[in-house]
2 protein chains.
Amino acid sequence: MNTTLKNDTYIKALLRQPIDRTPIWVMRQAGRYLPEYRQIRSEAGSFMNLCTNPELACEVTLQPLRRFSLDAAILFSDILTIPDAMGLGLHFVEGEGPKFQSVVRSAADVEQLKHPDPSSSLAYVMDAVALIRKQLNGDVPLIGFSGSPWTLATYMVEGGSSKTFAKIKNMIYSEPQTAHLLLDKLADAVIEYLNAQIESGAQAVQIFDTWGGALAPDMFREFSLRYLEKIVAGLHRSYAGATIPVVLFCKGCNAHLEAIADTGCDGLGVDWTITLAEARTRVGDRVALQGNLDPAIMLTNPAVIEQQVRVTLASYGKGTGHVFNLGHGITPEVDPAHMTVLADSVRQYSAPWHTD
Amino acid sequence: MNTTLKNDTYIKALLRQPIDRTPIWVMRQAGRYLPEYRQIRSEAGSFMNLCTNPELACEVTLQPLRRFSLDAAILFSDILTIPDAMGLGLHFVEGEGPKFQSVVRSAADVEQLKHPDPSSSLAYVMDAVALIRKQLNGDVPLIGFSGSPWTLATYMVEGGSSKTFAKIKNMIYSEPQTAHLLLDKLADAVIEYLNAQIESGAQAVQIFDTWGGALAPDMFREFSLRYLEKIVAGLHRSYAGATIPVVLFCKGCNAHLEAIADTGCDGLGVDWTITLAEARTRVGDRVALQGNLDPAIMLTNPAVIEQQVRVTLASYGKGTGHVFNLGHGITPEVDPAHMTVLADSVRQYSAPWHTD
């Protein structure tokens, strides 16, 4: 299917093709729990310097693959590159997370947003993708990614992280047409951004809807899901002879799994608050599932990690269609030795689930 | 049924008895959005001074009832009074929330916890309950409350608030018997505490499982739900001739609604990430439902609030069994005038849902 890949287990699992073991990658696998990451991060001076320098982004992307038996690499970047390229001025305040210099509060603000051009203001991302793809040399596939329109909009309207989403919720309830103007513009930007990543070398793409779970059900469908559907329909689904799987990860949205599966995506990210067995029953054979070990388990000990890997594999059950992952990103306090246990346990215990 | 109450709509709704309109109260209705609360809070010097002074706790409990058409009062207190009385040394750090001077990490730590005695270390709570009940003079019922064992345990093991629950999750996965020792002790304490509140004058009780939603499904059943069942079975279900309804509010636990309803409680608190229509279909006639307007809607404007009240009432539909509330606590930024709109809208628009 993809002749350029030495290990295409991740791609095949997402396309629900037969495999002989369950592939694994981990959200934030290139991150602060690795001392070699902290070293580069410290030399870069700032998180954004790391993201915007293709050589450094490539280096940290590859770091976890040198240590652990993982079946995919994921572009090292931030979900807020698009709003930054739209002119909002992204920066990171130590201990407070992302902040924007400008915020979006009106239709006029939306109209004034710059076009986030993959060939100019976002060229650094495409350069990183191309460089990582080249350096990977076909060992494992490279995953590109983006934030979802709803999740990007929460940061753009709030001006940073939020617990209550007061301002963006005020917008969707009081002035829904302004929210739709913003979300539609963001959906177009995400399509262009992810297609450019695919053209630059990404072999699969994942969209993170980190904050969809903050919405009431009808609001999730109107202000998040609708735009995920638009994006899935607008993406390159094959490129240079290879099928490009699309994965949607809507955290805290297990109530909507069936609807998310109906967008036409290939895979669903699943957090740990539902069993894979239940998720699989609900979505049937429409999509693959990715997940879903509680990230807190990575802070316990090797015996617990190994046992919970077996529980998770058994919960998914027989056959293809499962990409092992955590239910959210790995946290900075994790002992890298625990990642070895995780990756090796998935290799060791998954094969029997793929025999006839 | 309860001859001492002039307005028993809230009690009747929870017991699914016929009523002519939908009752309303609001989580954190005595709180920082009210200038008269901020005044008393400022005079008290600290949040704990306010909780431990029965006259002040009574005063702030009654404040929202003077302004708004509400159908219940809720004891002003904190969910962490029990761990404080167990000797952990509760204090509040401005901007950081609750902290404990000691934490619980081992079976020995659990064994050393003091008995939180409703007649001594927690007498201030019972004094507040008795005083509020007297001052209410039967106008509306008084709700007593407690945190759930799981939620209390998260604070006691983490030492305060947490995003990842790393330490308590390490305990439940690595040393489950220690967690069960702690949770069982807490369940006994909650039973004794809530029964003492009932004996002091509380006419209904609510248990808050604020952090149950952080658990994987099997862990929720083993480490939270099991102890909620024990508590429900151990509470006074009638006292001094009146039936005492028990409400469980497990935030972010909509996946488990049926199981929570099966504990034998009278009502379920429901957050806004599920419609009342779906919740009602799933739990049937077993329990009443309380909720579930998104608290962020209180920050919009009167027209949106009124419209969303109507949507929420329609979602529950015809008949008794609905107590109107937000899906979580009201936030400090809310304009008190919006609470007037909320309470008045529920009064105005709910009657047609109770006609034959």
# chains A, B, ... in the order shown; residues from 1 in each chain; ligands from 1
call {"tool": "interface_residues", "arguments": {"of": "chain B", "to": "chain A", "cutoff": "7 Å", "atoms": "only C-alpha atoms", "output": "list of chain:residue names"}}
result
B:Thr164, B:Ala166, B:Lys169, B:Asn170, B:Tyr173, B:Ser174, B:Leu215, B:Ala216, B:Pro217, B:Trp272, B:Thr273, B:Ile274, B:Thr275, B:Ala296, B:Ile297, B:Leu299, B:Thr300, B:Val304
call {"tool": "write_last_selection", "arguments": {"atoms": "N, CA and C atoms", "output": "mmCIF file, in the first residue's frame"}}
result
data_model
loop_
_atom_site.group_PDB
_atom_site.id
_atom_site.type_symbol
_atom_site.label_atom_id
_atom_site.label_comp_id
_atom_site.auth_asym_id
_atom_site.auth_seq_id
_atom_site.Cartn_x
_atom_site.Cartn_y
_atom_site.Cartn_z
ATOM 1 N N THR B 164 -3.993 16.307 37.325
ATOM 2 C CA THR B 164 -3.712 14.962 36.807
ATOM 3 C C THR B 164 -4.044 13.864 37.807
ATOM 4 N N ALA B 166 -2.217 12.538 39.958
ATOM 5 C CA ALA B 166 -1.119 11.569 39.840
ATOM 6 C C ALA B 166 -0.969 10.730 41.107
ATOM 7 N N LYS B 169 -4.107 8.472 41.912
ATOM 8 C CA LYS B 169 -4.213 7.395 40.915
ATOM 9 C C LYS B 169 -3.087 6.386 41.103
ATOM 10 N N ASN B 170 -1.917 6.852 41.455
ATOM 11 C CA ASN B 170 -0.841 5.911 41.778
ATOM 12 C C ASN B 170 -1.307 4.990 42.903
ATOM 13 N N TYR B 173 -4.007 2.389 41.671
ATOM 14 C CA TYR B 173 -3.476 1.357 40.767
ATOM 15 C C TYR B 173 -2.406 0.511 41.447
ATOM 16 N N SER B 174 -1.564 1.141 42.294
ATOM 17 C CA SER B 174 -0.413 0.415 42.858
ATOM 18 C C SER B 174 -0.698 -0.177 44.223
ATOM 19 N N LEU B 215 -11.858 9.338 36.359
ATOM 20 C CA LEU B 215 -11.523 7.916 36.465
ATOM 21 C C LEU B 215 -11.966 7.118 35.243
ATOM 22 N N ALA B 216 -11.183 6.096 34.905
ATOM 23 C CA ALA B 216 -11.607 5.109 33.910
ATOM 24 C C ALA B 216 -12.847 4.394 34.456
ATOM 25 N N PRO B 217 -13.686 3.844 33.567
ATOM 26 C CA PRO B 217 -14.990 3.311 33.985
ATOM 27 C C PRO B 217 -14.926 2.282 35.115
ATOM 28 N N TRP B 272 -24.089 19.877 31.953
ATOM 29 C CA TRP B 272 -24.710 20.357 30.720
ATOM 30 C C TRP B 272 -24.222 19.627 29.462
ATOM 31 N N THR B 273 -23.363 18.618 29.645
ATOM 32 C CA THR B 273 -22.829 17.947 28.459
ATOM 33 C C THR B 273 -23.708 16.787 27.985
ATOM 34 N N ILE B 274 -24.886 16.689 28.552
ATOM 35 C CA ILE B 274 -25.883 15.729 28.079
ATOM 36 C C ILE B 274 -27.214 16.473 28.148
ATOM 37 N N THR B 275 -28.151 16.157 27.267
ATOM 38 C CA THR B 275 -29.460 16.799 27.377
ATOM 39 C C THR B 275 -30.260 16.091 28.469
ATOM 40 N N ALA B 296 -21.892 28.989 31.898
ATOM 41 C CA ALA B 296 -21.405 30.087 31.059
ATOM 42 C C ALA B 296 -22.552 30.912 30.483
ATOM 43 N N ILE B 297 -23.741 30.301 30.367
ATOM 44 C CA ILE B 297 -24.903 31.029 29.840
ATOM 45 C C ILE B 297 -25.284 32.175 30.775
ATOM 46 N N LEU B 299 -23.421 34.271 31.909
ATOM 47 C CA LEU B 299 -22.574 35.422 31.571
ATOM 48 C C LEU B 299 -23.008 36.092 30.272
ATOM 49 N N THR B 300 -24.070 35.611 29.654
ATOM 50 C CA THR B 300 -24.493 36.189 28.365
ATOM 51 C C THR B 300 -25.421 37.378 28.607
ATOM 52 N N VAL B 304 -30.860 35.549 26.102
ATOM 53 C CA VAL B 304 -30.282 34.205 25.937
ATOM 54 C C VAL B 304 -30.625 33.329 27.142
#
call {"tool": "residues_around", "arguments": {"residues": "range 278-285 of chain B", "least_positions_apart": "4", "cutoff": "9 Å", "atoms": "only C-alpha atoms", "output": "ChimeraX atom specification"}}
result
/B:16,254,257-259,261-262,270,274,289,315-316,321
call {"tool": "residues_around", "arguments": {"residues": "Ile143 in chain B", "least_positions_apart": "3", "cutoff": "6 Å", "atoms": "only C-alpha atoms", "output": "VMD selection string"}}
result
chain B and resid 74 202 to 205
call {"tool": "select_by_dssp", "arguments": {"residues": "range 152-346 of chain A", "states": "alpha helix (DSSP H)", "output": "tab-separated table (two decimals) with N, CA and C atoms, in the first residue's frame"}}
result
chain	number	residue	atom	x	y	z
A	152	LEU	N	-9.19	26.02	18.40
A	152	LEU	CA	-8.42	27.23	18.07
A	152	LEU	C	-9.21	28.48	18.43
A	153	ALA	N	-10.51	28.46	18.14
A	153	ALA	CA	-11.35	29.64	18.42
A	153	ALA	C	-11.40	29.95	19.91
A	154	THR	N	-11.41	28.90	20.76
A	154	THR	CA	-11.46	29.19	22.20
A	154	THR	C	-10.25	30.03	22.62
A	155	TYR	N	-9.06	29.68	22.13
A	155	TYR	CA	-7.87	30.45	22.49
A	155	TYR	C	-7.90	31.85	21.88
A	156	MET	N	-8.39	31.96	20.65
A	156	MET	CA	-8.38	33.24	19.94
A	156	MET	C	-9.35	34.24	20.57
A	157	VAL	N	-10.47	33.74	21.09
A	157	VAL	CA	-11.48	34.63	21.68
A	157	VAL	C	-11.15	34.90	23.15
A	158	GLU	N	-10.71	33.86	23.88
A	158	GLU	CA	-10.37	34.05	25.29
A	158	GLU	C	-9.04	34.78	25.46
A	166	ALA	N	-15.82	31.56	29.10
A	166	ALA	CA	-16.89	32.56	29.23
A	166	ALA	C	-17.05	33.39	27.95
A	167	LYS	N	-15.96	33.85	27.37
A	167	LYS	CA	-16.07	34.78	26.25
A	167	LYS	C	-16.49	34.08	24.96
A	168	ILE	N	-15.90	32.92	24.67
A	168	ILE	CA	-16.30	32.22	23.45
A	168	ILE	C	-17.73	31.68	23.58
A	169	LYS	N	-18.12	31.28	24.79
A	169	LYS	CA	-19.50	30.82	24.96
A	169	LYS	C	-20.48	31.98	24.86
A	170	ASN	N	-20.09	33.12	25.37
A	170	ASN	CA	-20.93	34.30	25.19
A	170	ASN	C	-21.11	34.54	23.69
A	171	MET	N	-20.04	34.40	22.91
A	171	MET	CA	-20.13	34.62	21.47
A	171	MET	C	-21.08	33.62	20.80
A	172	ILE	N	-20.94	32.32	21.13
A	172	ILE	CA	-21.78	31.34	20.41
A	172	ILE	C	-23.25	31.44	20.81
A	173	TYR	N	-23.51	31.86	22.06
A	173	TYR	CA	-24.91	31.99	22.47
A	173	TYR	C	-25.51	33.34	22.06
A	174	SER	N	-24.70	34.42	22.13
A	174	SER	CA	-25.25	35.77	21.92
A	174	SER	C	-25.07	36.24	20.48
A	176	PRO	N	-24.04	34.15	17.45
A	176	PRO	CA	-23.57	32.92	16.78
A	176	PRO	C	-23.01	33.16	15.38
A	177	GLN	N	-23.54	34.16	14.69
A	177	GLN	CA	-23.06	34.37	13.31
A	177	GLN	C	-21.60	34.79	13.29
A	178	THR	N	-21.15	35.54	14.30
A	178	THR	CA	-19.73	35.90	14.38
A	178	THR	C	-18.87	34.66	14.63
A	179	ALA	N	-19.35	33.79	15.51
A	179	ALA	CA	-18.62	32.55	15.78
A	179	ALA	C	-18.52	31.71	14.51
A	180	HIS	N	-19.60	31.62	13.77
A	180	HIS	CA	-19.58	30.82	12.54
A	180	HIS	C	-18.62	31.42	11.50
A	181	LEU	N	-18.59	32.74	11.44
A	181	LEU	CA	-17.65	33.40	10.51
A	181	LEU	C	-16.21	33.00	10.86
A	182	LEU	N	-15.90	33.05	12.16
A	182	LEU	CA	-14.56	32.68	12.61
A	182	LEU	C	-14.27	31.20	12.38
A	183	LEU	N	-15.22	30.35	12.74
A	183	LEU	CA	-15.00	28.90	12.64
A	183	LEU	C	-14.87	28.46	11.19
A	184	ASP	N	-15.63	29.09	10.30
A	184	ASP	CA	-15.56	28.71	8.89
A	184	ASP	C	-14.21	29.11	8.31
A	185	LYS	N	-13.74	30.30	8.70
A	185	LYS	CA	-12.42	30.75	8.25
A	185	LYS	C	-11.34	29.81	8.78
A	186	LEU	N	-11.49	29.38	10.02
A	186	LEU	CA	-10.52	28.46	10.62
A	186	LEU	C	-10.57	27.09	9.93
A	187	ALA	N	-11.76	26.62	9.60
A	187	ALA	CA	-11.86	25.32	8.91
A	187	ALA	C	-11.13	25.38	7.58
A	188	ASP	N	-11.32	26.47	6.82
A	188	ASP	CA	-10.60	26.62	5.55
A	188	ASP	C	-9.09	26.63	5.78
A	189	ALA	N	-8.67	27.32	6.84
A	189	ALA	CA	-7.24	27.40	7.15
A	189	ALA	C	-6.67	26.03	7.53
A	190	VAL	N	-7.43	25.28	8.30
A	190	VAL	CA	-6.97	23.95	8.72
A	190	VAL	C	-6.85	23.03	7.51
A	191	ILE	N	-7.82	23.09	6.61
A	191	ILE	CA	-7.75	22.26	5.39
A	191	ILE	C	-6.48	22.59	4.61
A	192	GLU	N	-6.24	23.88	4.40
A	192	GLU	CA	-5.08	24.29	3.61
A	192	GLU	C	-3.77	23.89	4.32
A	193	TYR	N	-3.77	24.05	5.63
A	193	TYR	CA	-2.58	23.75	6.45
A	193	TYR	C	-2.27	22.26	6.44
A	194	LEU	N	-3.29	21.43	6.65
A	194	LEU	CA	-3.04	19.99	6.69
A	194	LEU	C	-2.73	19.44	5.30
A	195	ASN	N	-3.40	19.97	4.27
A	195	ASN	CA	-3.06	19.52	2.91
A	195	ASN	C	-1.62	19.89	2.56
A	196	ALA	N	-1.17	21.05	3.02
A	196	ALA	CA	0.22	21.44	2.78
A	196	ALA	C	1.18	20.52	3.55
A	197	GLN	N	0.78	20.12	4.77
A	197	GLN	CA	1.62	19.16	5.51
A	197	GLN	C	1.70	17.84	4.76
A	198	ILE	N	0.57	17.40	4.21
A	198	ILE	CA	0.56	16.14	3.44
A	198	ILE	C	1.46	16.28	2.21
A	199	GLU	N	1.35	17.41	1.53
A	199	GLU	CA	2.19	17.63	0.34
A	199	GLU	C	3.67	17.72	0.71
A	200	SER	N	3.95	18.12	1.95
A	200	SER	CA	5.34	18.24	2.40
A	200	SER	C	5.88	16.92	2.96
A	217	PRO	N	-24.49	19.38	24.16
A	217	PRO	CA	-24.53	18.51	22.97
A	217	PRO	C	-24.89	19.23	21.67
A	218	ASP	N	-25.95	20.05	21.68
A	218	ASP	CA	-26.34	20.71	20.43
A	218	ASP	C	-25.30	21.74	20.01
A	219	MET	N	-24.63	22.35	20.98
A	219	MET	CA	-23.59	23.33	20.66
A	219	MET	C	-22.34	22.64	20.10
A	220	PHE	N	-22.02	21.45	20.62
A	220	PHE	CA	-20.90	20.69	20.05
A	220	PHE	C	-21.16	20.39	18.58
A	226	ARG	N	-19.59	20.27	13.04
A	226	ARG	CA	-19.87	20.72	11.68
A	226	ARG	C	-18.58	21.07	10.93
A	227	TYR	N	-17.64	21.68	11.63
A	227	TYR	CA	-16.39	22.12	10.99
A	227	TYR	C	-15.40	20.97	10.86
A	228	LEU	N	-15.49	19.98	11.74
A	228	LEU	CA	-14.67	18.78	11.57
A	228	LEU	C	-15.11	18.04	10.30
A	229	GLU	N	-16.40	17.98	10.09
A	229	GLU	CA	-16.94	17.36	8.87
A	229	GLU	C	-16.41	18.07	7.63
A	230	LYS	N	-16.45	19.40	7.66
A	230	LYS	CA	-15.98	20.17	6.51
A	230	LYS	C	-14.50	19.87	6.24
A	231	ILE	N	-13.71	19.79	7.30
A	231	ILE	CA	-12.27	19.54	7.13
A	231	ILE	C	-12.04	18.14	6.56
A	232	VAL	N	-12.69	17.14	7.15
A	232	VAL	CA	-12.48	15.76	6.67
A	232	VAL	C	-12.80	15.69	5.18
A	233	ALA	N	-13.87	16.40	4.76
A	233	ALA	CA	-14.27	16.37	3.34
A	233	ALA	C	-13.28	17.11	2.45
A	234	GLY	N	-12.50	18.03	3.03
A	234	GLY	CA	-11.61	18.86	2.23
A	234	GLY	C	-10.16	18.40	2.18
A	257	LEU	N	-19.37	9.88	20.15
A	257	LEU	CA	-18.48	9.03	19.34
A	257	LEU	C	-19.09	8.64	18.00
A	258	GLU	N	-20.37	8.26	18.01
A	258	GLU	CA	-21.00	7.82	16.76
A	258	GLU	C	-21.01	8.96	15.75
A	259	ALA	N	-21.36	10.16	16.22
A	259	ALA	CA	-21.44	11.32	15.32
A	259	ALA	C	-20.06	11.68	14.78
A	260	ILE	N	-19.03	11.55	15.61
A	260	ILE	CA	-17.68	11.87	15.15
A	260	ILE	C	-17.23	10.83	14.11
A	261	ALA	N	-17.57	9.57	14.37
A	261	ALA	CA	-17.24	8.51	13.40
A	261	ALA	C	-17.92	8.77	12.06
A	276	LEU	N	-12.43	0.74	25.54
A	276	LEU	CA	-12.37	0.53	24.09
A	276	LEU	C	-13.44	-0.45	23.65
A	277	ALA	N	-13.78	-1.41	24.52
A	277	ALA	CA	-14.84	-2.37	24.18
A	277	ALA	C	-16.16	-1.65	23.90
A	278	GLU	N	-16.51	-0.70	24.78
A	278	GLU	CA	-17.76	0.03	24.57
A	278	GLU	C	-17.67	0.91	23.34
A	279	ALA	N	-16.54	1.60	23.18
A	279	ALA	CA	-16.37	2.47	22.02
A	279	ALA	C	-16.48	1.67	20.73
A	280	ARG	N	-15.87	0.49	20.71
A	280	ARG	CA	-15.90	-0.34	19.50
A	280	ARG	C	-17.31	-0.82	19.20
A	281	THR	N	-18.04	-1.20	20.24
A	281	THR	CA	-19.43	-1.62	20.04
A	281	THR	C	-20.24	-0.48	19.44
A	282	ARG	N	-19.97	0.74	19.93
A	282	ARG	CA	-20.79	1.87	19.47
A	282	ARG	C	-20.46	2.31	18.05
A	283	VAL	N	-19.18	2.30	17.67
A	283	VAL	CA	-18.85	2.80	16.32
A	283	VAL	C	-18.73	1.68	15.30
A	302	PRO	N	6.33	-0.34	36.66
A	302	PRO	CA	6.32	-1.24	35.49
A	302	PRO	C	5.26	-2.33	35.55
A	303	ALA	N	5.03	-2.92	36.72
A	303	ALA	CA	4.06	-4.02	36.80
A	303	ALA	C	2.65	-3.53	36.49
A	304	VAL	N	2.29	-2.37	37.03
A	304	VAL	CA	0.96	-1.81	36.77
A	304	VAL	C	0.82	-1.43	35.30
A	305	ILE	N	1.86	-0.81	34.74
A	305	ILE	CA	1.80	-0.40	33.33
A	305	ILE	C	1.59	-1.64	32.44
A	306	GLU	N	2.39	-2.67	32.69
A	306	GLU	CA	2.28	-3.88	31.88
A	306	GLU	C	0.88	-4.49	31.99
A	307	GLN	N	0.37	-4.54	33.21
A	307	GLN	CA	-0.95	-5.14	33.41
A	307	GLN	C	-2.04	-4.32	32.71
A	308	GLN	N	-1.93	-2.99	32.81
A	308	GLN	CA	-2.95	-2.14	32.20
A	308	GLN	C	-2.85	-2.12	30.67
A	309	VAL	N	-1.65	-2.34	30.13
A	309	VAL	CA	-1.51	-2.52	28.68
A	309	VAL	C	-2.33	-3.75	28.26
A	310	ARG	N	-2.20	-4.83	29.04
A	310	ARG	CA	-2.92	-6.06	28.70
A	310	ARG	C	-4.43	-5.85	28.81
A	311	VAL	N	-4.87	-5.11	29.82
A	311	VAL	CA	-6.29	-4.81	29.98
A	311	VAL	C	-6.80	-4.01	28.77
A	312	THR	N	-6.00	-3.04	28.34
A	312	THR	CA	-6.42	-2.17	27.22
A	312	THR	C	-6.48	-2.97	25.91
A	313	LEU	N	-5.48	-3.80	25.67
A	313	LEU	CA	-5.48	-4.63	24.46
A	313	LEU	C	-6.69	-5.57	24.47
A	314	ALA	N	-6.97	-6.16	25.62
A	314	ALA	CA	-8.11	-7.09	25.73
A	314	ALA	C	-9.43	-6.36	25.55
A	315	SER	N	-9.48	-5.11	26.02
A	315	SER	CA	-10.71	-4.34	25.89
A	315	SER	C	-11.03	-4.10	24.42
A	316	TYR	N	-10.01	-3.76	23.61
A	316	TYR	CA	-10.27	-3.62	22.17
A	316	TYR	C	-10.63	-4.97	21.58
A	336	PRO	N	11.26	8.04	31.82
A	336	PRO	CA	11.38	7.48	30.47
A	336	PRO	C	11.43	5.95	30.46
A	337	ALA	N	11.93	5.35	31.54
A	337	ALA	CA	11.95	3.88	31.61
A	337	ALA	C	10.54	3.30	31.54
A	338	HIS	N	9.56	4.07	32.00
A	338	HIS	CA	8.18	3.60	31.94
A	338	HIS	C	7.66	3.60	30.50
A	339	MET	N	8.18	4.49	29.67
A	339	MET	CA	7.80	4.48	28.25
A	339	MET	C	8.34	3.22	27.58
A	340	THR	N	9.54	2.81	27.97
A	340	THR	CA	10.10	1.56	27.43
A	340	THR	C	9.18	0.40	27.78
A	341	VAL	N	8.74	0.36	29.04
A	341	VAL	CA	7.83	-0.71	29.48
A	341	VAL	C	6.54	-0.67	28.66
A	342	LEU	N	6.01	0.53	28.47
A	342	LEU	CA	4.76	0.67	27.71
A	342	LEU	C	4.92	0.13	26.29
A	343	ALA	N	5.92	0.67	25.57
A	343	ALA	CA	6.09	0.29	24.16
A	343	ALA	C	6.40	-1.19	24.03
A	344	ASP	N	7.27	-1.70	24.91
A	344	ASP	CA	7.63	-3.12	24.82
A	344	ASP	C	6.46	-4.03	25.19
A	345	SER	N	5.65	-3.61	26.14
A	345	SER	CA	4.49	-4.42	26.53
A	345	SER	C	3.49	-4.52	25.38
A	346	VAL	N	3.30	-3.41	24.68
A	346	VAL	CA	2.36	-3.44	23.54
A	346	VAL	C	2.89	-4.40	22.48
call {"tool": "residues_around", "arguments": {"residues": "range 57-62 of chain A", "least_positions_apart": "2", "cutoff": "6 Å", "atoms": "only C-alpha atoms", "output": "list in words"}}
result
Ala30, Leu50, Cys51, Pro54, Glu55, Pro64, Leu65, Phe76, Ala128 and Ile132 of chain A
call {"tool": "residues_around", "arguments": {"residues": "Arg347 in chain A", "least_positions_apart": "4", "cutoff": "9 Å", "atoms": "only C-alpha atoms", "output": "list in words"}}
result
Arg21, Thr22, Pro23, Ile24, Ser69, Leu342, Ala343 and Ala351 of chain A
call {"tool": "write_last_selection", "arguments": {"atoms": "N, CA and C atoms", "output": "PDB file, in the first residue's frame"}}
result
ATOM      1  N   ARG A  21       0.561  -7.208  14.796  1.00  0.00           N
ATOM      2  CA  ARG A  21       0.631  -6.706  16.171  1.00  0.00           C
ATOM      3  C   ARG A  21       0.024  -5.304  16.185  1.00  0.00           C
ATOM      4  N   THR A  22      -0.267  -4.773  17.369  1.00  0.00           N
ATOM      5  CA  THR A  22      -0.905  -3.463  17.513  1.00  0.00           C
ATOM      6  C   THR A  22       0.165  -2.371  17.523  1.00  0.00           C
ATOM      7  N   PRO A  23       0.046  -1.384  16.647  1.00  0.00           N
ATOM      8  CA  PRO A  23       1.032  -0.297  16.651  1.00  0.00           C
ATOM      9  C   PRO A  23       0.826   0.634  17.841  1.00  0.00           C
ATOM     10  N   ILE A  24       1.877   1.350  18.192  1.00  0.00           N
ATOM     11  CA  ILE A  24       1.794   2.306  19.290  1.00  0.00           C
ATOM     12  C   ILE A  24       2.545   3.582  18.962  1.00  0.00           C
ATOM     13  N   SER A  69      10.399   1.623  21.030  1.00  0.00           N
ATOM     14  CA  SER A  69       9.856   0.930  19.848  1.00  0.00           C
ATOM     15  C   SER A  69       8.487   1.509  19.508  1.00  0.00           C
ATOM     16  N   LEU A 342       6.013   0.527  28.468  1.00  0.00           N
ATOM     17  CA  LEU A 342       4.762   0.668  27.710  1.00  0.00           C
ATOM     18  C   LEU A 342       4.921   0.131  26.291  1.00  0.00           C
ATOM     19  N   ALA A 343       5.920   0.666  25.572  1.00  0.00           N
ATOM     20  CA  ALA A 343       6.087   0.293  24.165  1.00  0.00           C
ATOM     21  C   ALA A 343       6.400  -1.192  24.027  1.00  0.00           C
ATOM     22  N   ALA A 351       0.381  -9.392  19.828  1.00  0.00           N
ATOM     23  CA  ALA A 351       0.330 -10.345  18.708  1.00  0.00           C
ATOM     24  C   ALA A 351      -0.846 -11.329  18.782  1.00  0.00           C
TER      25      ALA A 351
END
call {"tool": "select_by_dssp", "arguments": {"residues": "range 52-277 of chain B", "states": "strand (DSSP E or B)", "output": "number ranges by chain"}}
result
B: 73-74, 90-93, 97-100, 142-147, 160, 204-209, 238-239, 242-243, 246-250, 267-269
call {"tool": "closest_residue", "arguments": {"among": "A:Ala130, A:Ile11, A:Val110, A:Leu268", "to": "Phe208 in chain A", "atoms": "only C-alpha atoms"}}
result
A:Leu268
call {"tool": "decode", "arguments": {"residues": "range 247-270 of chain A", "atoms": "C-alpha atoms", "output": "JSON list (two decimals), in the first residue's frame"}}
result
[["chain", "number", "residue", "atom", "x", "y", "z"],
["A", 247, "VAL", "CA", -7.77, 10.78, 12.91],
["A", 248, "LEU", "CA", -10.06, 12.96, 15.03],
["A", 249, "PHE", "CA", -9.40, 13.26, 18.76],
["A", 250, "CYS", "CA", -12.20, 15.08, 20.57],
["A", 251, "LYS", "CA", -11.28, 14.92, 24.24],
["A", 252, "GLY", "CA", -14.17, 14.50, 26.69],
["A", 253, "CYS", "CA", -16.61, 13.91, 23.81],
["A", 254, "ASN", "CA", -17.40, 10.24, 24.31],
["A", 255, "ALA", "CA", -21.11, 11.05, 24.25],
["A", 256, "HIS", "CA", -20.65, 11.94, 20.56],
["A", 257, "LEU", "CA", -18.48, 9.03, 19.34],
["A", 258, "GLU", "CA", -21.00, 7.82, 16.76],
["A", 259, "ALA", "CA", -21.44, 11.32, 15.32],
["A", 260, "ILE", "CA", -17.68, 11.87, 15.15],
["A", 261, "ALA", "CA", -17.24, 8.51, 13.40],
["A", 262, "ASP", "CA", -19.85, 9.65, 10.86],
["A", 263, "THR", "CA", -17.66, 12.56, 9.72],
["A", 264, "GLY", "CA", -15.88, 10.15, 7.40],
["A", 265, "CYS", "CA", -12.60, 10.08, 9.33],
["A", 266, "ASP", "CA", -10.53, 6.89, 9.49],
["A", 267, "GLY", "CA", -9.75, 6.85, 13.20],
["A", 268, "LEU", "CA", -11.07, 8.18, 16.50],
["A", 269, "GLY", "CA", -8.86, 9.13, 19.41],
["A", 270, "VAL", "CA", -10.50, 7.87, 22.61]]
